[in-house]
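Working notes, structure below.
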Amino acid sequence: MKDATLLVKRPNVERFQSASFKRLLARARRFAADRRAPLLLEGESGTGKTQLARYLHSVSPRAAKPFQSVVLSTVDDALAASELFGHVNGAYTDARYARAGHFVSASGGTLFLDEIGKASLGVQQRLLHAVEYGEFRPVGSDRDMRVDVRIIAATNLPLETQVARDRFLPDLHARLAVFTLQIPPLRERRADIPLLVTESLTAHAADMDLGHVPVVHDELMAAFQAAPWPNNLRQLDATVHRLLLEADGAPVLTVALCQDEMRYLADLVDGRAPLSFERVEAAVNETGSVSAAARALGVHRTTVHRHRRGMHAPDARSEGSR
């Protein structure tokens with residue numbers, strides 16, 4: 001179970017300059033002023049939903065209270081009630097101690113329900129009453145509890161589509177989507193890419209003890225800005241990290257120093273990526289080698305290697321991201 005309770009330092013999302021993100025932040029600040037109404041964040045994987053949730057909490061009237069997060073795709077149906085609402089001592093065989101649960105831990109503050117689009121119907125049913133009425137019953141207790149929390153939910157699966165497919169409860173969707181923010185993908189925030197590349201370079205250069213932060217040549221930066229980045233911020237950061245390793249300490253990162261990365265970016269720009277993990281594996285199995293699979297798919301063999309290493313594999317990384 002991945003969760004966290006903390007007092008949140010305000011994420012510096014206001015540094016971004018793209019028009020689409022500035023519009024998003026303006027709406028976000030207005031929505032954050034409401035103390036109680038739930039808020040739904042929708043956007044592709046890797047667009048920064050967790051960071052935005054922390055920002056919303058930090059500029060809200062609840063900023064001095066806890067921020068609690070839970071990734072709902074990891075909540076097991078059998079343990080959902082205890083995880084979310086807690087249990088009393090002796091509630092079941094192994095319940096030797098009372099447990100507060102996520103709702104109580106977030107009391108007075110914000111409860112962030114991440115990956116809600118992947119929550120099971122059983123978990124959704126348990127959440128519905130708590131979200132609607134602000135009360136729940138801990139496992140083993142004979143009385144209901146009320147807590148004062150604000151719900152922020154996030155999903156990379158559009159909930160309206162999930163409702164239409166009978167994979168999400170329409171009543172829960174209606175309760176959560178009082179305010180909805182659509183987070184723009186990185187391809188709609190190209191003005192922010194130079195800043196993100198510089199920040200990524202600075203962080204990875206420090207981790208590698210390089211002693212300097214390389215400068216990115218204009219031609220290479222243009223390639224970064226042209227790529228569509230299907231996995232968004234996470235993919236950009238991973239690509240910058242690999243580029244830094246391939247450059248081997250060079251003070252200026254140029255196209256010539258990063259041929260493998262340039263081929264990969266060219267694949268993206270030409271629309272030959274992203275490929276699904278399943279499609280890449282099928283091509284390798286059918287052709288018998290990575291090189292042959294790359295030729296069959298019309299991509300560089302480096303692209304095939306990256307997919308096979310899990311960069312695009314299902315659930316290779318949690319969204320919470322995020």
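Chain labels run A, B, ... following the order of the structure tokens; each chain numbers its residues from 1, and ligands are numbered from 1 in the order shown.
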
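Excluding range 118-121 of chain A itself and any same-chain residue fewer than 2 positions from it, the protein and nucleic acid residues within 8 Å of it, counting only C-alpha atoms, are A:Leu72, A:Ser73, A:Val75, A:Asp77, A:Glu115, A:Ile116, A:Val123, A:Gln124, A:Gln125, A:Thr155, A:Leu157, A:Arg167, A:Phe168, A:Leu169.
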
Checklist entry - Could you name the residues that touch Val215 in chain A at 10 Å or less, counting only C-alpha atoms, but leaving out those on the same chain fewer than 4 positions away, as a ChimeraX atom specification? => result /A:198,201,221,250-254

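The protein and nucleic acid residues lying at most 7 Å from His241 in chain A are His204, Asp237 and Leu245 of chain A, with only C-alpha atoms considered and sequence neighbours fewer than 4 positions away removed.
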
Produce a file of the selected residues containing C-alpha atoms, as a tab-separated table (two decimals), in the first residue's frame.
chain	number	residue	atom	x	y	z
A	204	HIS	CA	20.66	14.33	-12.58
A	237	ASP	CA	12.96	13.15	-17.43
A	245	LEU	CA	24.84	9.42	-19.49

Next on the checklist: Please compute the CA of Tyr133 in chain A-CA of Leu159 in chain A distance, one decimal, in Å.
Outcome noted: 21.1 Å

Checklist entry - Using only C-alpha atoms, which residue out of A:Asp148, A:Asp207, A:Glu281, A:Asp114 lies closest to Ala130 in chain A? => result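 With only C-alpha atoms as the atom set, the closest residue is A:Asp148.
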
Checklist entry - Hey, what does DSSP flag as strand (DSSP E) within range 22-68 of chain A? Can you give it to me as a PyMOL selection string? => result chain A and resi 39-42+67-68

Restricting it to N, CA and C atoms, dump the selection as a PDB file, in the first residue's frame.
ATOM      1  N   LEU A  39     -12.934  17.617  -5.760  1.00  0.00           N
ATOM      2  CA  LEU A  39     -12.299  18.113  -6.972  1.00  0.00           C
ATOM      3  C   LEU A  39     -11.699  16.920  -7.713  1.00  0.00           C
ATOM      4  N   LEU A  40     -11.935  16.858  -9.005  1.00  0.00           N
ATOM      5  CA  LEU A  40     -11.458  15.747  -9.828  1.00  0.00           C
ATOM      6  C   LEU A  40     -10.390  16.241 -10.803  1.00  0.00           C
ATOM      7  N   LEU A  41      -9.233  15.565 -10.812  1.00  0.00           N
ATOM      8  CA  LEU A  41      -8.148  15.867 -11.739  1.00  0.00           C
ATOM      9  C   LEU A  41      -8.094  14.765 -12.789  1.00  0.00           C
ATOM     10  N   GLU A  42      -8.224  15.154 -14.055  1.00  0.00           N
ATOM     11  CA  GLU A  42      -8.140  14.191 -15.143  1.00  0.00           C
ATOM     12  C   GLU A  42      -6.980  14.564 -16.056  1.00  0.00           C
ATOM     13  N   PHE A  67      -2.164  16.374   4.581  1.00  0.00           N
ATOM     14  CA  PHE A  67      -2.459  15.916   3.222  1.00  0.00           C
ATOM     15  C   PHE A  67      -2.203  14.414   3.225  1.00  0.00           C
ATOM     16  N   GLN A  68      -3.247  13.650   2.980  1.00  0.00           N
ATOM     17  CA  GLN A  68      -3.151  12.195   2.998  1.00  0.00           C
ATOM     18  C   GLN A  68      -3.436  11.669   1.598  1.00  0.00           C
TER      19      GLN A  68
END

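Minimum distance to Gly117 in chain A across A:Gly43, A:Pro66, A:Pro138, A:Gly86 (counting only C-alpha atoms) occurs at A:Gly43.
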
Checklist entry - Which distance in Å separates CA of Gly249 in chain A and CA of Pro228 in chain A, to one decimal? => result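 So the answer is 27.1 Å.
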